[in-house]
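Reading through the structure tokens given below for one structure.
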Amino acid sequence: MEVPVLIVGAGPVGMLMAALLADQGIESLLIEQRDDLHLAPQAHVINARTQEVLAGIGVTHEDLAGITTHAAGARFVTWRRNLAEADLARIDIASDSYLANMAAASSKRTANIPQHHLERLLFAQVSRRARCEARFGHVWQSAEHNAHGAASVVRDAVTGQAYRVRSDWLIAADGAGSAVRRGLGLPMVGETNLAHLITINFEADIRHLVKDSPSILFWILSAQAPGTFIVHDAARYAVFMTPYFPAYESPADFPVARCERMLRAALGERHLPLRITSLSNWTMQAHIAEPYSKGRTFLIGDAAHRFPPTGGLGLNTGAADAHNLAWKLALVMRGKAAPGLLDTYGAERKPVAETNSRVSVANHQKMGQVTAALGLDEAGLPTLARLRASAPARVLPGALRAAAKRLLVAPVEARTRNVQQASSPKFARIRQDVQRAAEAQMEHFNTLGLDLGYVYRSAAICASGAATPVVPVASHPVHPVHPVHPVHPAHPVLEVAQSFMPGARLPHFRLQGAPGAPATSHDLVGNAHFLLAGFGRHGKPCAALGHSVSQALGVPVRGLDLDAIAHRDDHPQLSAWNGGLPDAAILVRPDGHVAWRYALQADVASGDVLAALCEVLQVPVPASA
């Protein structure tokens, strides 16, 4: 069979890519080796930027609200000895100041949405698009590549039959172990074996254990059952992750019976009714593909990058990958942009992944500060594993092994109990130290700056268009040369400094209008069109120029006068985001990032906009224009 685009992998990123392409008239075939969507939560943090992208394909606030857990709570992250006992430390990750910063930057709010629920919502979106076909239980095996595309061999896992798929473009969205990436011989660069974990998915009603501290995450500081609870729905199901140490043990050493014992110890209730629904193991790594593409094949999502979950950045980074690539690929396929535009995909997205990876690794390592403040040595956990795996321990009767383990962990459990109870002035001071160490982990859980604050630098950004000097009307270059430098936030992970500088995401501001009309600036952005928005002396000209530029290039450009539609209370912000200057014409790409800015006193002309847009698309300015 033949198809314009073959997407390998029907996780959230692959399905989002298919929907984004379909909305721009591009057909795709989506294949997935699993026979169904995920049944367990997997990732769960869906940030504001990803929700903006989802809104662009028709996912409504009500759609997400229906699958969001902890919509009205879970504002804390908590450290305990076990889930049944009082807190050792707790931080508020949804403080009034943080929520105010988020509201100023987006109409969306980061939410806890289990991946298996999100997948079903995305599959419904894909299924209703005529230009998308999804096949589950179909395994990508290999491909022959040439200058015109790829001929892939795909096997139907049920029948065993193999067939060929010829595609003009191949998209690898097949996860961290990407077969497509391996087939291309593209290496991954980074840190390996940061940690090894067993994941226990279980069903239980634990509301009575967590009601005093509504949290999505509980860190269990225990030598007996160390790990992390992800409480998706306290009434129904949650996840517990605990480390293992391959030098002394393997996943085979964690049968259901042992996992249930550990789970009950971490819960702190030995007889709580529960059911383990699945066990899995995984290795925490921080790897970035080098490069992101080869020929007509592109890597997106976990196929391009994988980093620790400490920060919840993986799935969200992948969603932005798809958002960045889809409009570029569509324009190239329609002959409206030169193939060189696709080179900017890796140039823009790889630095974002590198930053997110670096922060995720730092978050993982920094968590040890809490344990250290408690006075515990994490190096002791492998020692326990080594002793359990030793030959003498393996031949001891079960009762003796259990007694020996209790002796080994008793000092740790006693210390954590004394700190939790602040049983003496000494332990009260230690508990204060633990609380301060916990408060230092805020960048692990609040990543507004990473989510919304990255600025692209590539050939698809007219960087010189950031220039905004006030010069005489008599003579000025199309792309002047003195940039207004953006204000950098004091905490680039926690805070975002919005601006109209080229490369940055279009700032968030409110619109005025009738009910049902676009409510915010991001409602003006579309996956299939550019936005030419102006204010001050350039507002009305931009509203008229959009149509003429569209006619000249055959690329949809929507022209708007922001003075006419921006909420009056937000008008002062427009100038502030423009370096204090009162006039600007801003060209915004389909992915919502500013491609070009013109802020001179001389009137903006169609030639200025055409030159900028042609620079982005890497095509010559039409002679007729």
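Residues are named by chain letter and number: chains run A, B, ... in the order of the structure tokens, numbers start at 1 in each chain, and ligands are numbered from 1 in the order shown.
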So that I can see what lies close to range 334-340 of chain A, please list as a PDB file with N, CA and C atoms, in the first residue's frame the residues with an atom at most 10 Å from it, counting only C-alpha atoms and leaving out residues fewer than 6 positions away in the same chain.
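Once written, selection16.pdb looks like this:
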```pdb
ATOM      1  N   GLN A  24      -4.495  19.460   8.427  1.00  0.00           N
ATOM      2  CA  GLN A  24      -3.864  20.248   7.358  1.00  0.00           C
ATOM      3  C   GLN A  24      -3.945  19.528   6.026  1.00  0.00           C
ATOM      4  N   GLY A  25      -4.846  18.532   5.947  1.00  0.00           N
ATOM      5  CA  GLY A  25      -5.112  17.851   4.693  1.00  0.00           C
ATOM      6  C   GLY A  25      -4.139  16.746   4.348  1.00  0.00           C
ATOM      7  N   ILE A  26      -3.328  16.290   5.302  1.00  0.00           N
ATOM      8  CA  ILE A  26      -2.315  15.271   5.035  1.00  0.00           C
ATOM      9  C   ILE A  26      -2.780  13.922   5.580  1.00  0.00           C
ATOM     10  N   ARG A 296      14.165  11.186   5.002  1.00  0.00           N
ATOM     11  CA  ARG A 296      12.747  11.516   5.127  1.00  0.00           C
ATOM     12  C   ARG A 296      12.115  10.872   6.357  1.00  0.00           C
ATOM     13  N   LYS A 328       5.268  22.208   9.528  1.00  0.00           N
ATOM     14  CA  LYS A 328       6.397  22.300   8.597  1.00  0.00           C
ATOM     15  C   LYS A 328       6.300  21.210   7.526  1.00  0.00           C
ATOM     16  N   ALA A 459      16.553  28.778  11.350  1.00  0.00           N
ATOM     17  CA  ALA A 459      16.278  29.469  10.093  1.00  0.00           C
ATOM     18  C   ALA A 459      14.793  29.757   9.912  1.00  0.00           C
ATOM     19  N   ALA A 460      13.940  29.156  10.741  1.00  0.00           N
ATOM     20  CA  ALA A 460      12.499  29.429  10.668  1.00  0.00           C
ATOM     21  C   ALA A 460      12.098  30.568  11.592  1.00  0.00           C
ATOM     22  N   LEU A 553       1.356  34.248  -1.731  1.00  0.00           N
ATOM     23  CA  LEU A 553       2.132  33.025  -1.465  1.00  0.00           C
ATOM     24  C   LEU A 553       1.291  31.755  -1.463  1.00  0.00           C
ATOM     25  N   GLY A 554      -0.015  31.887  -1.397  1.00  0.00           N
ATOM     26  CA  GLY A 554      -0.851  30.699  -1.317  1.00  0.00           C
ATOM     27  C   GLY A 554      -0.747  30.010   0.032  1.00  0.00           C
ATOM     28  N   VAL A 555      -0.331  30.750   1.037  1.00  0.00           N
ATOM     29  CA  VAL A 555      -0.212  30.238   2.405  1.00  0.00           C
ATOM     30  C   VAL A 555      -1.175  31.034   3.277  1.00  0.00           C
ATOM     31  N   CYS A 614       8.682  34.582   3.524  1.00  0.00           N
ATOM     32  CA  CYS A 614       9.490  33.804   2.576  1.00  0.00           C
ATOM     33  C   CYS A 614      10.789  33.338   3.219  1.00  0.00           C
ATOM     34  N   GLU A 615      11.339  34.145   4.110  1.00  0.00           N
ATOM     35  CA  GLU A 615      12.538  33.723   4.828  1.00  0.00           C
ATOM     36  C   GLU A 615      12.246  32.508   5.698  1.00  0.00           C
ATOM     37  N   VAL A 616      11.105  32.522   6.372  1.00  0.00           N
ATOM     38  CA  VAL A 616      10.712  31.382   7.208  1.00  0.00           C
ATOM     39  C   VAL A 616      10.519  30.139   6.345  1.00  0.00           C
ATOM     40  N   LEU A 617       9.820  30.284   5.226  1.00  0.00           N
ATOM     41  CA  LEU A 617       9.494  29.146   4.362  1.00  0.00           C
ATOM     42  C   LEU A 617      10.658  28.743   3.456  1.00  0.00           C
ATOM     43  N   GLN A 618      11.693  29.587   3.430  1.00  0.00           N
ATOM     44  CA  GLN A 618      12.881  29.341   2.601  1.00  0.00           C
ATOM     45  C   GLN A 618      12.524  29.268   1.111  1.00  0.00           C
ATOM     46  N   VAL A 619      11.669  30.193   0.702  1.00  0.00           N
ATOM     47  CA  VAL A 619      11.279  30.300  -0.706  1.00  0.00           C
ATOM     48  C   VAL A 619      11.549  31.725  -1.166  1.00  0.00           C
ATOM     49  N   PRO A 620      11.746  31.950  -2.465  1.00  0.00           N
ATOM     50  CA  PRO A 620      11.980  33.319  -2.963  1.00  0.00           C
ATOM     51  C   PRO A 620      10.700  34.141  -2.922  1.00  0.00           C
TER      52      PRO A 620
END
```
* 12 Å contact set for Thr60 in chain A, only C-alpha atoms, chain neighbours under 5 positions out, as a ChimeraX atom specification -> /A:51-55,65-67,108,121-122,125
* To do: Could you tell me, as a VMD selection string, which residues of range 111-340 of chain A DSSP assigns to strand (DSSP E or B) when given the backbone?
  => chain A and resid 111 to 112 132 to 136 138 to 146 149 to 156 162 to 172 188 to 204 215 to 220 227 to 233 237 to 243 274 to 289 293 to 294 297 to 299 305 to 306
* Picked from range 139-266 of chain A by DSSP as helix (DSSP H, G or I), as a count of residues only -> 24
* Identify, on the basis of only C-alpha atoms, every residue whose closest approach to Gly311 in chain A does not exceed 6 Å; exclude the query and any residue fewer than 3 positions from it along the same chain; express the result as number ranges by chain. => A: 360, 444-445
* Asked: If we count only C-alpha atoms, what is near Pro590 in chain A at a cut-off of 8 Å, once residues fewer than 2 positions away on the same chain are taken out, given as JSON, numbers by chain?
  -> {"A": [327, 525, 526, 527, 528, 529, 530, 531, 588, 592, 593]}
* **Between CA of Pro502 in chain A and CA of Arg597 in chain A, distance in Å (one decimal)** =>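 So the two atoms, CA of Pro502 in chain A and CA of Arg597 in chain A, lie 6.4 Å apart.
Closest approach to Arg349 in chain A from the set A:Pro214, A:Gly580, A:Pro251, A:Gly318 is made by A:Gly318, with distances taken over only C-alpha atoms.
If only C-alpha atoms are the atoms counted, then among A:Gln601, A:Asn363, A:Asn146, A:Asn281 the closest residue to Glu443 in chain A is A:Asn363.
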Contact residues around Ser278 in chain A with only C-alpha atoms at 10 Å, ignoring same-chain residues under 3 positions, as a PDB file with all heavy atoms, in the first residue's frame:
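Once written, selection_37.pdb looks like this:
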```pdb
ATOM      1  N   LEU A  39      -3.438   0.241  29.231  1.00  0.00           N
ATOM      2  CA  LEU A  39      -4.459   0.004  30.254  1.00  0.00           C
ATOM      3  C   LEU A  39      -4.050   0.559  31.611  1.00  0.00           C
ATOM      4  O   LEU A  39      -4.872   0.640  32.522  1.00  0.00           O
ATOM      5  CB  LEU A  39      -4.736  -1.502  30.373  1.00  0.00           C
ATOM      6  CG  LEU A  39      -5.201  -2.198  29.090  1.00  0.00           C
ATOM      7  CD1 LEU A  39      -5.353  -3.690  29.326  1.00  0.00           C
ATOM      8  CD2 LEU A  39      -6.519  -1.596  28.603  1.00  0.00           C
ATOM      9  N   ALA A  40      -2.755   0.921  31.771  1.00  0.00           N
ATOM     10  CA  ALA A  40      -2.233   1.458  33.025  1.00  0.00           C
ATOM     11  C   ALA A  40      -1.818   2.908  32.802  1.00  0.00           C
ATOM     12  O   ALA A  40      -1.599   3.344  31.662  1.00  0.00           O
ATOM     13  CB  ALA A  40      -1.062   0.616  33.518  1.00  0.00           C
ATOM     14  N   THR A 199       7.511  -1.117  39.014  1.00  0.00           N
ATOM     15  CA  THR A 199       6.253  -0.382  39.077  1.00  0.00           C
ATOM     16  C   THR A 199       5.129  -1.349  39.427  1.00  0.00           C
ATOM     17  O   THR A 199       4.946  -2.369  38.760  1.00  0.00           O
ATOM     18  CB  THR A 199       5.942   0.307  37.738  1.00  0.00           C
ATOM     19  OG1 THR A 199       6.956   1.285  37.479  1.00  0.00           O
ATOM     20  CG2 THR A 199       4.589   0.998  37.781  1.00  0.00           C
ATOM     21  N   ILE A 200       4.398  -1.005  40.477  1.00  0.00           N
ATOM     22  CA  ILE A 200       3.271  -1.825  40.943  1.00  0.00           C
ATOM     23  C   ILE A 200       1.994  -1.017  40.744  1.00  0.00           C
ATOM     24  O   ILE A 200       1.765  -0.009  41.422  1.00  0.00           O
ATOM     25  CB  ILE A 200       3.432  -2.194  42.430  1.00  0.00           C
ATOM     26  CG1 ILE A 200       4.780  -2.880  42.684  1.00  0.00           C
ATOM     27  CG2 ILE A 200       2.275  -3.077  42.889  1.00  0.00           C
ATOM     28  CD1 ILE A 200       5.106  -3.072  44.159  1.00  0.00           C
ATOM     29  N   ASN A 201       1.177  -1.413  39.808  1.00  0.00           N
ATOM     30  CA  ASN A 201      -0.144  -0.816  39.631  1.00  0.00           C
ATOM     31  C   ASN A 201      -1.136  -1.605  40.478  1.00  0.00           C
ATOM     32  O   ASN A 201      -1.175  -2.843  40.409  1.00  0.00           O
ATOM     33  CB  ASN A 201      -0.568  -0.872  38.160  1.00  0.00           C
ATOM     34  CG  ASN A 201       0.226   0.091  37.293  1.00  0.00           C
ATOM     35  OD1 ASN A 201      -0.022   1.280  37.293  1.00  0.00           O
ATOM     36  ND2 ASN A 201       1.195  -0.435  36.555  1.00  0.00           N
ATOM     37  N   PHE A 202      -1.916  -0.896  41.260  1.00  0.00           N
ATOM     38  CA  PHE A 202      -2.833  -1.619  42.145  1.00  0.00           C
ATOM     39  C   PHE A 202      -4.145  -0.861  42.308  1.00  0.00           C
ATOM     40  O   PHE A 202      -4.221   0.352  42.097  1.00  0.00           O
ATOM     41  CB  PHE A 202      -2.187  -1.860  43.517  1.00  0.00           C
ATOM     42  CG  PHE A 202      -1.973  -0.618  44.348  1.00  0.00           C
ATOM     43  CD1 PHE A 202      -2.877  -0.264  45.347  1.00  0.00           C
ATOM     44  CD2 PHE A 202      -0.871   0.198  44.149  1.00  0.00           C
ATOM     45  CE1 PHE A 202      -2.685   0.876  46.120  1.00  0.00           C
ATOM     46  CE2 PHE A 202      -0.660   1.336  44.913  1.00  0.00           C
ATOM     47  CZ  PHE A 202      -1.579   1.682  45.906  1.00  0.00           C
ATOM     48  N   GLU A 203      -5.165  -1.614  42.672  1.00  0.00           N
ATOM     49  CA  GLU A 203      -6.483  -1.058  42.962  1.00  0.00           C
ATOM     50  C   GLU A 203      -6.739  -1.153  44.458  1.00  0.00           C
ATOM     51  O   GLU A 203      -6.513  -2.211  45.069  1.00  0.00           O
ATOM     52  CB  GLU A 203      -7.570  -1.819  42.202  1.00  0.00           C
ATOM     53  CG  GLU A 203      -7.475  -1.664  40.691  1.00  0.00           C
ATOM     54  CD  GLU A 203      -8.504  -2.512  39.960  1.00  0.00           C
ATOM     55  OE1 GLU A 203      -9.120  -3.391  40.617  1.00  0.00           O
ATOM     56  OE2 GLU A 203      -8.687  -2.315  38.752  1.00  0.00           O
ATOM     57  N   VAL A 239      -0.340   3.934  41.943  1.00  0.00           N
ATOM     58  CA  VAL A 239       0.888   3.281  41.495  1.00  0.00           C
ATOM     59  C   VAL A 239       1.928   3.429  42.596  1.00  0.00           C
ATOM     60  O   VAL A 239       2.021   4.493  43.230  1.00  0.00           O
ATOM     61  CB  VAL A 239       1.412   3.919  40.188  1.00  0.00           C
ATOM     62  CG1 VAL A 239       2.752   3.313  39.786  1.00  0.00           C
ATOM     63  CG2 VAL A 239       0.395   3.765  39.068  1.00  0.00           C
ATOM     64  N   VAL A 256       4.740 -11.377  42.550  1.00  0.00           N
ATOM     65  CA  VAL A 256       3.561 -10.676  43.061  1.00  0.00           C
ATOM     66  C   VAL A 256       3.506 -10.731  44.588  1.00  0.00           C
ATOM     67  O   VAL A 256       3.195  -9.724  45.246  1.00  0.00           O
ATOM     68  CB  VAL A 256       2.279 -11.278  42.450  1.00  0.00           C
ATOM     69  CG1 VAL A 256       1.040 -10.675  43.112  1.00  0.00           C
ATOM     70  CG2 VAL A 256       2.235 -11.024  40.946  1.00  0.00           C
ATOM     71  N   ARG A 275      -5.770  -5.049  45.170  1.00  0.00           N
ATOM     72  CA  ARG A 275      -5.498  -5.999  44.084  1.00  0.00           C
ATOM     73  C   ARG A 275      -4.414  -5.406  43.196  1.00  0.00           C
ATOM     74  O   ARG A 275      -4.565  -4.296  42.684  1.00  0.00           O
ATOM     75  CB  ARG A 275      -6.750  -6.272  43.256  1.00  0.00           C
ATOM     76  CG  ARG A 275      -6.545  -7.302  42.152  1.00  0.00           C
ATOM     77  CD  ARG A 275      -7.862  -7.633  41.469  1.00  0.00           C
ATOM     78  NE  ARG A 275      -8.268  -6.577  40.552  1.00  0.00           N
ATOM     79  CZ  ARG A 275      -7.966  -6.558  39.243  1.00  0.00           C
ATOM     80  NH1 ARG A 275      -7.229  -7.551  38.718  1.00  0.00           N
ATOM     81  NH2 ARG A 275      -8.393  -5.588  38.469  1.00  0.00           N
TER      82      ARG A 275
END
```
* Asked: range 207-211 of chain A: which residues within 6 Å, counting only C-alpha atoms, same-chain residues fewer than 4 positions away excluded, as a PyMOL selection string?
  -> chain A and resi 84+234-235
Please save N, CA, C and O atoms of the selected residues as a PDB file, in the first residue's frame.
```
ATOM      1  N   ALA A  84       0.165   5.557  56.008  1.00  0.00           N
ATOM      2  CA  ALA A  84      -0.796   5.619  57.109  1.00  0.00           C
ATOM      3  C   ALA A  84      -0.377   6.580  58.212  1.00  0.00           C
ATOM      4  O   ALA A  84      -1.195   6.913  59.080  1.00  0.00           O
ATOM      5  N   ALA A 234      -7.678   8.192  44.590  1.00  0.00           N
ATOM      6  CA  ALA A 234      -7.538   7.577  45.911  1.00  0.00           C
ATOM      7  C   ALA A 234      -8.639   6.576  46.208  1.00  0.00           C
ATOM      8  O   ALA A 234      -8.454   5.669  47.026  1.00  0.00           O
ATOM      9  N   ALA A 235      -9.756   6.711  45.539  1.00  0.00           N
ATOM     10  CA  ALA A 235     -10.863   5.781  45.787  1.00  0.00           C
ATOM     11  C   ALA A 235     -10.709   4.488  45.001  1.00  0.00           C
ATOM     12  O   ALA A 235     -11.333   3.475  45.346  1.00  0.00           O
TER      13      ALA A 235
END
```
* Asked: Taking into account only C-alpha atoms, which residue in the set A:Val557, A:Leu272, A:Ala612, A:Val434 is nearest to Ala372 in chain A?
  ->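 Selected residue with least distance to Ala372 in chain A: A:Val434.
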* Work out how far apart CA of His116 in chain A and CA of Ala286 in chain A are and give it in Å to one decimal. =>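 CA of His116 in chain A sits 23.4 Å away from CA of Ala286 in chain A.
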